[in-house]
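Reproduced below: start-v1.cif, with mmCIF, C-alpha atoms and all ligand atoms.
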data_start
#
loop_
_atom_site.group_PDB
_atom_site.id
_atom_site.type_symbol
_atom_site.label_atom_id
_atom_site.label_comp_id
_atom_site.auth_asym_id
_atom_site.auth_seq_id
_atom_site.Cartn_x
_atom_site.Cartn_y
_atom_site.Cartn_z
ATOM 1 C CA MET A 1 186.024 -64.556 92.988
ATOM 2 C CA SER A 2 184.770 -61.254 91.549
ATOM 3 C CA SER A 3 184.123 -58.449 94.003
ATOM 4 C CA GLN A 4 181.412 -57.107 91.694
ATOM 5 C CA THR A 5 177.837 -57.799 92.696
ATOM 6 C CA ALA A 6 175.438 -59.117 90.041
ATOM 7 C CA PRO A 7 173.241 -56.409 88.504
ATOM 8 C CA ARG A 8 169.819 -56.334 90.145
ATOM 9 C CA LYS A 9 167.120 -57.600 87.805
ATOM 10 C CA ARG A 10 164.397 -55.005 87.261
ATOM 11 C CA VAL A 11 160.880 -55.972 88.303
ATOM 12 C CA THR A 12 158.556 -55.816 85.292
ATOM 13 C CA ILE A 13 154.843 -56.515 84.869
ATOM 14 C CA HIS A 14 155.872 -59.950 83.539
ATOM 15 C CA GLU A 15 157.965 -60.653 86.628
ATOM 16 C CA LEU A 16 154.956 -59.761 88.803
ATOM 17 C CA ARG A 17 152.821 -62.282 86.907
ATOM 18 C CA ARG A 18 155.574 -64.869 87.315
ATOM 19 C CA MET A 19 155.647 -64.172 91.047
ATOM 20 C CA LYS A 20 151.910 -64.834 91.303
ATOM 21 C CA GLU A 21 152.241 -68.079 89.380
ATOM 22 C CA ALA A 22 155.197 -69.170 91.550
ATOM 23 C CA GLY A 23 153.344 -68.230 94.750
ATOM 24 C CA GLU A 24 155.947 -65.588 95.664
ATOM 25 C CA ARG A 25 154.460 -62.675 97.586
ATOM 26 C CA ILE A 26 154.797 -59.173 96.104
ATOM 27 C CA ALA A 27 155.853 -56.376 98.487
ATOM 28 C CA ALA A 28 154.708 -52.914 97.402
ATOM 29 C CA VAL A 29 155.133 -49.637 99.238
ATOM 30 C CA THR A 30 154.544 -45.967 98.493
ATOM 31 C CA ALA A 31 157.264 -43.335 98.081
ATOM 32 C CA TYR A 32 156.983 -39.667 97.242
ATOM 33 C CA ASP A 33 160.590 -38.451 96.992
ATOM 34 C CA ALA A 34 164.037 -39.570 95.880
ATOM 35 C CA THR A 35 165.405 -40.442 99.323
ATOM 36 C CA ALA A 36 162.456 -42.648 100.228
ATOM 37 C CA ALA A 37 162.611 -44.315 96.796
ATOM 38 C CA ARG A 38 166.293 -45.175 97.227
ATOM 39 C CA LEU A 39 165.702 -46.569 100.723
ATOM 40 C CA VAL A 40 162.664 -48.722 99.930
ATOM 41 C CA ASP A 41 164.290 -50.077 96.783
ATOM 42 C CA ALA A 42 167.457 -50.999 98.687
ATOM 43 C CA ALA A 43 165.259 -52.659 101.327
ATOM 44 C CA GLY A 44 163.860 -54.999 98.667
ATOM 45 C CA ALA A 45 160.436 -53.589 97.748
ATOM 46 C CA ASP A 46 159.242 -55.097 94.458
ATOM 47 C CA VAL A 47 156.873 -52.265 93.583
ATOM 48 C CA VAL A 48 157.115 -48.576 94.448
ATOM 49 C CA LEU A 49 153.843 -46.690 94.151
ATOM 50 C CA VAL A 50 153.759 -42.920 93.932
ATOM 51 C CA GLY A 51 150.322 -42.853 95.509
ATOM 52 C CA ASP A 52 148.000 -39.877 95.538
ATOM 53 C CA SER A 53 147.966 -40.582 99.288
ATOM 54 C CA LEU A 54 150.689 -37.928 99.104
ATOM 55 C CA GLY A 55 147.781 -35.480 99.296
ATOM 56 C CA MET A 56 147.345 -36.561 102.899
ATOM 57 C CA VAL A 57 150.802 -37.568 104.111
ATOM 58 C CA VAL A 58 152.887 -34.975 102.231
ATOM 59 C CA GLN A 59 150.504 -32.080 101.560
ATOM 60 C CA GLY A 60 148.383 -32.302 104.726
ATOM 61 C CA HIS A 61 144.973 -32.495 103.026
ATOM 62 C CA ASP A 62 142.240 -34.702 104.477
ATOM 63 C CA SER A 63 141.669 -36.510 101.173
ATOM 64 C CA THR A 64 143.425 -37.329 97.901
ATOM 65 C CA LEU A 65 141.058 -35.158 95.882
ATOM 66 C CA PRO A 66 143.110 -31.919 95.703
ATOM 67 C CA VAL A 67 146.166 -33.671 94.232
ATOM 68 C CA THR A 68 146.834 -32.574 90.653
ATOM 69 C CA LEU A 69 148.376 -34.429 87.737
ATOM 70 C CA ASP A 70 151.255 -31.925 87.692
ATOM 71 C CA GLN A 71 151.992 -32.816 91.315
ATOM 72 C CA MET A 72 151.871 -36.548 90.546
ATOM 73 C CA VAL A 73 154.316 -36.000 87.683
ATOM 74 C CA TYR A 74 156.612 -33.930 89.938
ATOM 75 C CA HIS A 75 156.732 -36.548 92.712
ATOM 76 C CA SER A 76 157.024 -39.449 90.255
ATOM 77 C CA ALA A 77 160.041 -37.831 88.604
ATOM 78 C CA ALA A 78 161.700 -37.373 92.017
ATOM 79 C CA VAL A 79 161.049 -41.022 92.891
ATOM 80 C CA ARG A 80 162.373 -42.131 89.485
ATOM 81 C CA ARG A 81 165.628 -40.206 90.095
ATOM 82 C CA GLY A 82 165.985 -41.823 93.533
ATOM 83 C CA LEU A 83 165.449 -45.299 92.067
ATOM 84 C CA THR A 84 167.862 -44.714 89.203
ATOM 85 C CA ARG A 85 170.635 -43.376 91.456
ATOM 86 C CA GLY A 86 170.196 -46.310 93.828
ATOM 87 C CA GLY A 87 170.485 -48.856 91.017
ATOM 88 C CA GLY A 88 166.685 -49.235 90.953
ATOM 89 C CA ARG A 89 165.193 -52.712 90.835
ATOM 90 C CA ALA A 90 161.605 -51.896 91.837
ATOM 91 C CA HIS A 91 158.730 -51.493 89.385
ATOM 92 C CA LEU A 92 157.491 -47.869 89.471
ATOM 93 C CA VAL A 93 153.766 -47.114 89.344
ATOM 94 C CA GLY A 94 152.170 -43.660 89.530
ATOM 95 C CA ASP A 95 148.604 -42.845 90.504
ATOM 96 C CA LEU A 96 146.433 -41.022 88.012
ATOM 97 C CA SER A 97 145.080 -38.099 90.019
ATOM 98 C CA PHE A 98 141.405 -37.339 90.596
ATOM 99 C CA GLY A 99 140.004 -35.630 87.513
ATOM 100 C CA SER A 100 142.781 -36.711 85.171
ATOM 101 C CA TYR A 101 141.103 -39.834 83.727
ATOM 102 C CA GLN A 102 137.386 -39.795 84.561
ATOM 103 C CA ALA A 103 136.133 -37.370 81.910
ATOM 104 C CA SER A 104 137.192 -39.250 78.768
ATOM 105 C CA PRO A 105 139.498 -42.027 77.561
ATOM 106 C CA ASP A 106 141.400 -39.427 75.475
ATOM 107 C CA GLU A 107 142.226 -37.364 78.561
ATOM 108 C CA ALA A 108 143.106 -40.545 80.451
ATOM 109 C CA VAL A 109 145.585 -41.603 77.754
ATOM 110 C CA LYS A 110 147.245 -38.169 77.788
ATOM 111 C CA ALA A 111 147.483 -38.181 81.594
ATOM 112 C CA ALA A 112 148.955 -41.693 81.617
ATOM 113 C CA MET A 113 151.536 -40.693 79.018
ATOM 114 C CA ARG A 114 152.634 -37.726 81.124
ATOM 115 C CA LEU A 115 153.263 -40.006 84.120
ATOM 116 C CA VAL A 116 155.402 -42.240 81.922
ATOM 117 C CA ALA A 117 157.191 -39.641 79.769
ATOM 118 C CA GLU A 118 157.746 -36.908 82.393
ATOM 119 C CA GLY A 119 157.433 -38.876 85.635
ATOM 120 C CA GLY A 120 159.422 -41.940 84.579
ATOM 121 C CA CYS A 121 156.678 -44.360 85.673
ATOM 122 C CA GLU A 122 156.454 -47.825 84.152
ATOM 123 C CA ALA A 123 152.728 -48.101 84.790
ATOM 124 C CA VAL A 124 149.779 -46.080 86.076
ATOM 125 C CA LYS A 125 147.108 -46.927 88.626
ATOM 126 C CA LEU A 126 143.499 -45.788 88.452
ATOM 127 C CA GLU A 127 140.491 -46.301 90.699
ATOM 128 C CA GLY A 128 137.263 -47.940 89.513
ATOM 129 C CA GLY A 129 135.840 -51.148 88.084
ATOM 130 C CA GLN A 130 133.453 -51.993 85.240
ATOM 131 C CA ASP A 131 132.808 -48.306 84.462
ATOM 132 C CA TYR A 132 136.498 -47.864 83.577
ATOM 133 C CA VAL A 133 136.917 -50.759 81.158
ATOM 134 C CA GLU A 134 137.114 -48.481 78.110
ATOM 135 C CA VAL A 135 139.576 -46.132 79.837
ATOM 136 C CA VAL A 136 141.824 -49.051 80.794
ATOM 137 C CA ARG A 137 141.651 -50.528 77.284
ATOM 138 C CA ARG A 138 142.643 -47.242 75.682
ATOM 139 C CA ILE A 139 145.590 -46.622 78.023
ATOM 140 C CA VAL A 140 146.858 -50.172 77.579
ATOM 141 C CA ARG A 141 146.444 -49.896 73.795
ATOM 142 C CA ALA A 142 148.604 -46.768 73.966
ATOM 143 C CA GLY A 143 151.368 -48.887 75.473
ATOM 144 C CA VAL A 144 151.028 -48.042 79.159
ATOM 145 C CA PRO A 145 150.390 -50.858 81.663
ATOM 146 C CA VAL A 146 147.492 -50.192 84.048
ATOM 147 C CA MET A 147 147.069 -51.325 87.644
ATOM 148 C CA GLY A 148 143.418 -51.333 88.741
ATOM 149 C CA HIS A 149 142.175 -50.340 92.190
ATOM 150 C CA ILE A 150 138.807 -51.446 93.612
ATOM 151 C CA GLY A 151 137.093 -51.769 96.984
ATOM 152 C CA LEU A 152 137.630 -48.639 99.036
ATOM 153 C CA THR A 153 138.579 -46.159 96.338
ATOM 154 C CA PRO A 154 139.580 -42.953 98.177
ATOM 155 C CA GLN A 155 138.885 -40.689 95.179
ATOM 156 C CA SER A 156 135.182 -41.693 95.566
ATOM 157 C CA VAL A 157 135.104 -40.912 99.285
ATOM 158 C CA HIS A 158 132.035 -38.690 98.968
ATOM 159 C CA LYS A 159 130.128 -41.285 96.938
ATOM 160 C CA LEU A 160 131.084 -44.027 99.400
ATOM 161 C CA GLY A 161 130.145 -41.886 102.402
ATOM 162 C CA GLY A 162 133.531 -42.184 104.087
ATOM 163 C CA TYR A 163 136.576 -44.417 104.296
ATOM 164 C CA LEU A 164 134.558 -47.577 104.891
ATOM 165 C CA VAL A 165 135.183 -51.293 104.330
ATOM 166 C CA GLN A 166 133.564 -52.339 101.026
ATOM 167 C CA GLY A 167 131.988 -55.607 99.841
ATOM 168 C CA LYS A 168 130.663 -56.916 103.144
ATOM 169 C CA GLU A 169 127.218 -57.711 101.718
ATOM 170 C CA ALA A 170 126.817 -60.562 99.193
ATOM 171 C CA ASP A 171 125.578 -58.358 96.337
ATOM 172 C CA LYS A 172 128.358 -55.801 96.862
ATOM 173 C CA ALA A 173 130.917 -58.604 97.013
ATOM 174 C CA GLN A 174 129.570 -60.006 93.707
ATOM 175 C CA GLY A 175 129.875 -56.525 92.196
ATOM 176 C CA LEU A 176 133.515 -56.250 93.265
ATOM 177 C CA LEU A 177 134.275 -59.676 91.823
ATOM 178 C CA ARG A 178 132.724 -58.524 88.531
ATOM 179 C CA ASP A 179 134.813 -55.331 88.721
ATOM 180 C CA ALA A 180 138.008 -57.340 89.200
ATOM 181 C CA ARG A 181 137.195 -59.637 86.268
ATOM 182 C CA ALA A 182 136.302 -56.668 84.070
ATOM 183 C CA LEU A 183 139.625 -54.967 84.838
ATOM 184 C CA GLU A 184 141.535 -58.143 84.034
ATOM 185 C CA GLY A 185 139.570 -58.493 80.791
ATOM 186 C CA ALA A 186 140.324 -54.879 79.867
ATOM 187 C CA GLY A 187 144.072 -55.528 80.165
ATOM 188 C CA CYS A 188 145.079 -54.535 83.719
ATOM 189 C CA TYR A 189 148.273 -56.322 84.776
ATOM 190 C CA ALA A 190 147.451 -56.171 88.515
ATOM 191 C CA VAL A 191 144.710 -54.888 90.769
ATOM 192 C CA VAL A 192 144.768 -53.279 94.211
ATOM 193 C CA LEU A 193 142.073 -54.514 96.597
ATOM 194 C CA GLU A 194 141.570 -51.933 99.330
ATOM 195 C CA CYS A 195 139.639 -52.549 102.548
ATOM 196 C CA ILE A 196 137.503 -55.523 101.618
ATOM 197 C CA PRO A 197 136.863 -58.687 103.660
ATOM 198 C CA ALA A 198 139.691 -61.221 103.553
ATOM 199 C CA GLU A 199 137.219 -63.891 102.387
ATOM 200 C CA LEU A 200 136.315 -61.846 99.314
ATOM 201 C CA ALA A 201 139.953 -61.004 98.558
ATOM 202 C CA ARG A 202 140.739 -64.724 98.663
ATOM 203 C CA ILE A 203 138.043 -65.486 96.068
ATOM 204 C CA VAL A 204 139.087 -62.588 93.806
ATOM 205 C CA THR A 205 142.743 -63.648 94.021
ATOM 206 C CA ALA A 206 141.901 -67.255 93.163
ATOM 207 C CA GLN A 207 139.776 -66.246 90.180
ATOM 208 C CA LEU A 208 142.209 -63.816 88.563
ATOM 209 C CA ARG A 209 145.330 -64.642 86.596
ATOM 210 C CA ILE A 210 146.761 -61.192 87.314
ATOM 211 C CA PRO A 211 148.219 -60.457 90.777
ATOM 212 C CA THR A 212 146.080 -58.878 93.487
ATOM 213 C CA ILE A 213 147.792 -56.390 95.798
ATOM 214 C CA GLY A 214 145.947 -55.940 99.073
ATOM 215 C CA ILE A 215 145.699 -53.135 101.591
ATOM 216 C CA GLY A 216 143.265 -53.940 104.366
ATOM 217 C CA ALA A 217 142.238 -57.011 102.357
ATOM 218 C CA GLY A 218 143.714 -59.805 104.456
ATOM 219 C CA PRO A 219 146.533 -62.285 103.896
ATOM 220 C CA HIS A 220 145.376 -64.119 100.761
ATOM 221 C CA CYS A 221 146.276 -61.490 98.152
ATOM 222 C CA ASP A 222 149.295 -62.074 95.919
ATOM 223 C CA GLY A 223 150.958 -59.019 97.412
ATOM 224 C CA GLN A 224 150.536 -56.233 99.933
ATOM 225 C CA VAL A 225 150.921 -52.480 99.754
ATOM 226 C CA LEU A 226 151.232 -49.957 102.580
ATOM 227 C CA VAL A 227 151.751 -46.226 102.728
ATOM 228 C CA LEU A 228 155.404 -45.743 103.711
ATOM 229 C CA ASN A 229 154.626 -43.123 106.363
ATOM 230 C CA ASP A 230 152.187 -45.556 108.016
ATOM 231 C CA LEU A 231 154.519 -48.549 108.138
ATOM 232 C CA LEU A 232 157.317 -46.340 109.469
ATOM 233 C CA GLY A 233 155.072 -45.021 112.250
ATOM 234 C CA LEU A 234 155.640 -41.387 111.300
ATOM 235 C CA ASP A 235 152.194 -40.350 112.562
ATOM 236 C CA GLU A 236 151.467 -41.899 115.941
ATOM 237 C CA THR A 237 147.874 -40.641 115.866
ATOM 238 C CA PHE A 238 147.028 -42.626 112.707
ATOM 239 C CA ALA A 239 146.338 -46.249 113.621
ATOM 240 C CA PRO A 240 143.729 -47.916 111.388
ATOM 241 C CA LYS A 241 143.221 -51.686 111.808
ATOM 242 C CA PHE A 242 144.948 -52.626 108.544
ATOM 243 C CA VAL A 243 148.211 -50.800 109.293
ATOM 244 C CA LYS A 244 151.072 -52.462 111.098
ATOM 245 C CA ARG A 245 153.810 -50.122 112.230
ATOM 246 C CA PHE A 246 157.121 -51.771 111.411
ATOM 247 C CA GLY A 247 159.009 -48.868 112.978
ATOM 248 C CA GLU A 248 158.444 -45.940 115.307
ATOM 249 C CA LEU A 249 160.131 -43.237 113.264
ATOM 250 C CA GLY A 250 157.777 -40.515 114.485
ATOM 251 C CA ARG A 251 159.168 -41.044 117.965
ATOM 252 C CA ALA A 252 162.732 -41.322 116.621
ATOM 253 C CA VAL A 253 162.354 -37.986 114.790
ATOM 254 C CA GLY A 254 161.109 -36.365 118.004
ATOM 255 C CA VAL A 255 164.136 -37.648 119.928
ATOM 256 C CA ALA A 256 166.654 -36.613 117.238
ATOM 257 C CA VAL A 257 165.247 -33.138 116.567
ATOM 258 C CA GLY A 258 164.773 -32.550 120.312
ATOM 259 C CA ALA A 259 168.460 -33.370 120.904
ATOM 260 C CA TYR A 260 169.478 -30.998 118.097
ATOM 261 C CA VAL A 261 167.390 -28.145 119.508
ATOM 262 C CA SER A 262 168.864 -28.702 123.008
ATOM 263 C CA GLU A 263 172.441 -28.657 121.689
ATOM 264 C CA VAL A 264 171.876 -25.483 119.667
ATOM 265 C CA LYS A 265 170.451 -23.771 122.760
ATOM 266 C CA ALA A 266 173.288 -25.074 124.939
ATOM 267 C CA ARG A 267 175.891 -24.022 122.304
ATOM 268 C CA THR A 268 177.340 -27.542 122.204
ATOM 269 C CA PHE A 269 176.479 -27.853 118.499
ATOM 270 C CA PRO A 270 178.290 -27.178 116.245
ATOM 271 C CA ALA A 271 181.471 -28.413 117.929
ATOM 272 C CA ASP A 272 184.967 -27.924 116.541
ATOM 273 C CA GLU A 273 184.714 -31.079 114.410
ATOM 274 C CA HIS A 274 181.703 -29.589 112.582
ATOM 275 C CA SER A 275 183.468 -26.275 111.884
ATOM 276 C CA PHE A 276 185.711 -25.073 109.048
ATOM 277 C CA HIS A 277 188.926 -23.127 109.717
ATOM 278 C CA SER A 278 191.167 -20.749 107.807
ATOM 279 C CA SER A 279 194.579 -19.472 108.864
ATOM 280 C CA THR A 280 194.177 -16.364 106.675
ATOM 281 C CA VAL A 281 190.937 -15.170 108.189
ATOM 282 C CA ARG A 282 191.188 -13.215 111.410
ATOM 283 C CA LEU A 283 188.915 -11.003 113.376
ATOM 284 C CA VAL A 284 189.981 -7.389 113.765
ATOM 285 C CA PRO A 285 188.551 -5.889 116.942
ATOM 286 C CA ALA A 286 186.582 -2.723 116.100
ATOM 287 C CA GLU A 287 188.798 -0.511 118.255
ATOM 288 C CA ALA A 288 192.027 -1.889 116.704
ATOM 289 C CA GLY A 289 191.720 0.055 113.510
ATOM 290 C CA GLY A 290 189.579 2.260 111.368
ATOM 291 C CA GLU A 291 188.070 1.634 107.992
ATOM 292 C CA ASP A 292 191.367 2.369 106.237
ATOM 293 C CA GLU A 293 193.106 -0.479 108.040
ATOM 294 C CA ARG A 294 190.308 -2.909 107.209
ATOM 295 C CA ASP A 295 190.586 -1.927 103.523
ATOM 296 C CA GLU A 296 194.227 -2.975 103.489
ATOM 297 C CA PRO A 297 194.628 -5.888 105.892
ATOM 298 C CA THR A 298 198.139 -6.952 106.738
ATOM 299 C CA GLY A 299 198.799 -10.689 106.728
ATOM 300 C CA GLY A 300 195.200 -11.828 106.307
ATOM 301 C CA VAL A 301 191.782 -11.347 104.842
ATOM 302 C CA VAL A 302 189.114 -9.849 107.004
ATOM 303 C CA GLY A 303 185.634 -11.193 106.576
ATOM 304 C CA ALA A 304 186.503 -13.554 103.712
ATOM 305 C CA PRO A 305 184.224 -16.517 103.346
ATOM 306 C CA VAL A 306 185.631 -19.784 104.639
HETATM 307 O O1 LIG A 401 147.466 -43.585 97.117
HETATM 308 C C1 LIG A 401 147.928 -44.631 97.604
HETATM 309 O O2 LIG A 401 148.912 -44.622 98.337
HETATM 310 C C2 LIG A 401 147.264 -45.884 97.266
HETATM 311 C C3 LIG A 401 147.627 -47.111 98.032
HETATM 312 C C4 LIG A 401 147.292 -46.994 99.446
HETATM 313 C C5 LIG A 401 147.078 -48.334 97.411
HETATM 314 O O3 LIG A 401 146.447 -45.905 96.401
#
As structure tokens - that is how I would like this structure written.
Amino acid sequence: MSSQTAPRKRVTIHELRRMKEAGERIAAVTAYDATAARLVDAAGADVVLVGDSLGMVVQGHDSTLPVTLDQMVYHSAAVRRGLTRGGGRAHLVGDLSFGSYQASPDEAVKAAMRLVAEGGCEAVKLEGGQDYVEVVRRIVRAGVPVMGHIGLTPQSVHKLGGYLVQGKEADKAQGLLRDARALEGAGCYAVVLECIPAELARIVTAQLRIPTIGIGAGPHCDGQVLVLNDLLGLDETFAPKFVKRFGELGRAVGVAVGAYVSEVKARTFPADEHSFHSSTVRLVPAEAGGEDERDEPTGGVVGAPV
């Protein structure tokens, strides 16, 4: 029997469609750096999203609006390196940042190409429905797969009046269904449904041939996506209804860093096993010799790096 493990098959947009058709759930998660990318890929995530949520969880802003395209490219490239080094199976999607695709389809195509060429993404995600049909068409025609995103679209937070559940009223729900169909018709290969009633997400999912990826959209979507920091429990003060904490890493970080600080203060870290040694380096007490002696050490080097 060979000790080699079979190469891991890369997840493509076609594999995601196959998963929907086969009724296999799609697990998506965000990542913003190489280490996180390697870990989530090894844990089996099908899709890694470099979300502009990094504006909040990495940069400390209170919205995604200040995130620039350059920053999205930078983080995407880091995630790509992490995936590649780890043997990368997951499908990599990068968010088009606020302002990079709204003004014109030409700008949108250029922004999408940067995320692919410089950031190593396999697809881009953009927020919006029927109004973005032409933008989606143009990006797809340029050879870049597009993931749609409707419902609560954080880049429109000021228009929406806050981070509120969308599509609760019948007319709004109809509008979102039209948005989803329009995105599919324009060539999107998947669509994120954020913070909409589970009943609506079920209808949208049943009516589309492309996979739906839900966040705060109930259990009937073809897949789910969560912000990595949220599912790891890195911020104990952030507990919206749609997030389940699958770990308590915020607490674990507090315990680990607290132990480190205590050991530094108590001088128990670093111990001998964390230290390097050299038989040719010795300390010369100040009173044992003058400058001349230190210039010509006998039997050892004084002050040499270890
Ligand atoms: O920016 C992001 O992380 C996202 C997901 C939450 C869908 O858009």
Around ligand LIG 401 (chain A), with edges along x, y and z and 5 Å added on all six sides, what centre and edge lengths do you get, in Å to one decimal, as JSON?
{"center_x": 147.7, "center_y": -46.0, "center_z": 97.9, "size_x": 12.5, "size_y": 14.7, "size_z": 13.0}
I need the residue nearest Leu228 of chain A from this list: A:Glu134, A:Glu248, A:Asp106, A:Glu118. Use all atoms listed in the file for the distance.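 When distances to Leu228 of chain A are compared using all atoms listed in the file, the smallest one comes from A:Glu248.
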Evaluate the PyMOL selection byres (((chain A and resi 43-46) around 8) and not hetatm) and report residues as a ChimeraX atom specification: /A:11,26-29,39-42,47-48,89-91
List the spatial neighbours of Asp235 of chain A as a PyMOL selection string - criterion: any atom at most 12 Å away, all atoms listed in the file, same-chain residues fewer than 2 positions off excluded. chain A and resi 56-58+60+227-233+237-240+243+245+247-254
Surrounding residues of Gln224 of chain A excluding itself and chain neighbours under 5 positions, 10 Å, only C-alpha atoms, as a PDB file with C-alpha atoms, in the frame of the given file:
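Once written, around-v2.pdb looks like this:
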ATOM      1  CA  ARG A  25     154.460 -62.675  97.586  1.00  0.00           C
ATOM      2  CA  ILE A  26     154.797 -59.173  96.104  1.00  0.00           C
ATOM      3  CA  ALA A  27     155.853 -56.376  98.487  1.00  0.00           C
ATOM      4  CA  ALA A  28     154.708 -52.914  97.402  1.00  0.00           C
ATOM      5  CA  VAL A  29     155.133 -49.637  99.238  1.00  0.00           C
ATOM      6  CA  VAL A  47     156.873 -52.265  93.583  1.00  0.00           C
ATOM      7  CA  VAL A 192     144.768 -53.279  94.211  1.00  0.00           C
ATOM      8  CA  LEU A 193     142.073 -54.514  96.597  1.00  0.00           C
ATOM      9  CA  GLU A 194     141.570 -51.933  99.330  1.00  0.00           C
ATOM     10  CA  THR A 212     146.080 -58.878  93.487  1.00  0.00           C
ATOM     11  CA  ILE A 213     147.792 -56.390  95.798  1.00  0.00           C
ATOM     12  CA  GLY A 214     145.947 -55.940  99.073  1.00  0.00           C
ATOM     13  CA  ILE A 215     145.699 -53.135 101.591  1.00  0.00           C
ATOM     14  CA  GLY A 216     143.265 -53.940 104.366  1.00  0.00           C
ATOM     15  CA  ALA A 217     142.238 -57.011 102.357  1.00  0.00           C
ATOM     16  CA  GLY A 218     143.714 -59.805 104.456  1.00  0.00           C
ATOM     17  CA  PRO A 219     146.533 -62.285 103.896  1.00  0.00           C
TER      18      PRO A 219
END
Do you have the atom CA of Tyr260 of chain A-atom CA of Leu283 of chain A distance handy?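 Result for atom CA of Tyr260 of chain A versus atom CA of Leu283 of chain A: 28.3 Å, one decimal.
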Interatomic distance (Å, one decimal) between atom C3 of ligand LIG 401 (chain A) and atom CA of Asp95 of chain A: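 One can read the atom C3 of ligand LIG 401 (chain A) to atom CA of Asp95 of chain A distance as 8.7 Å.
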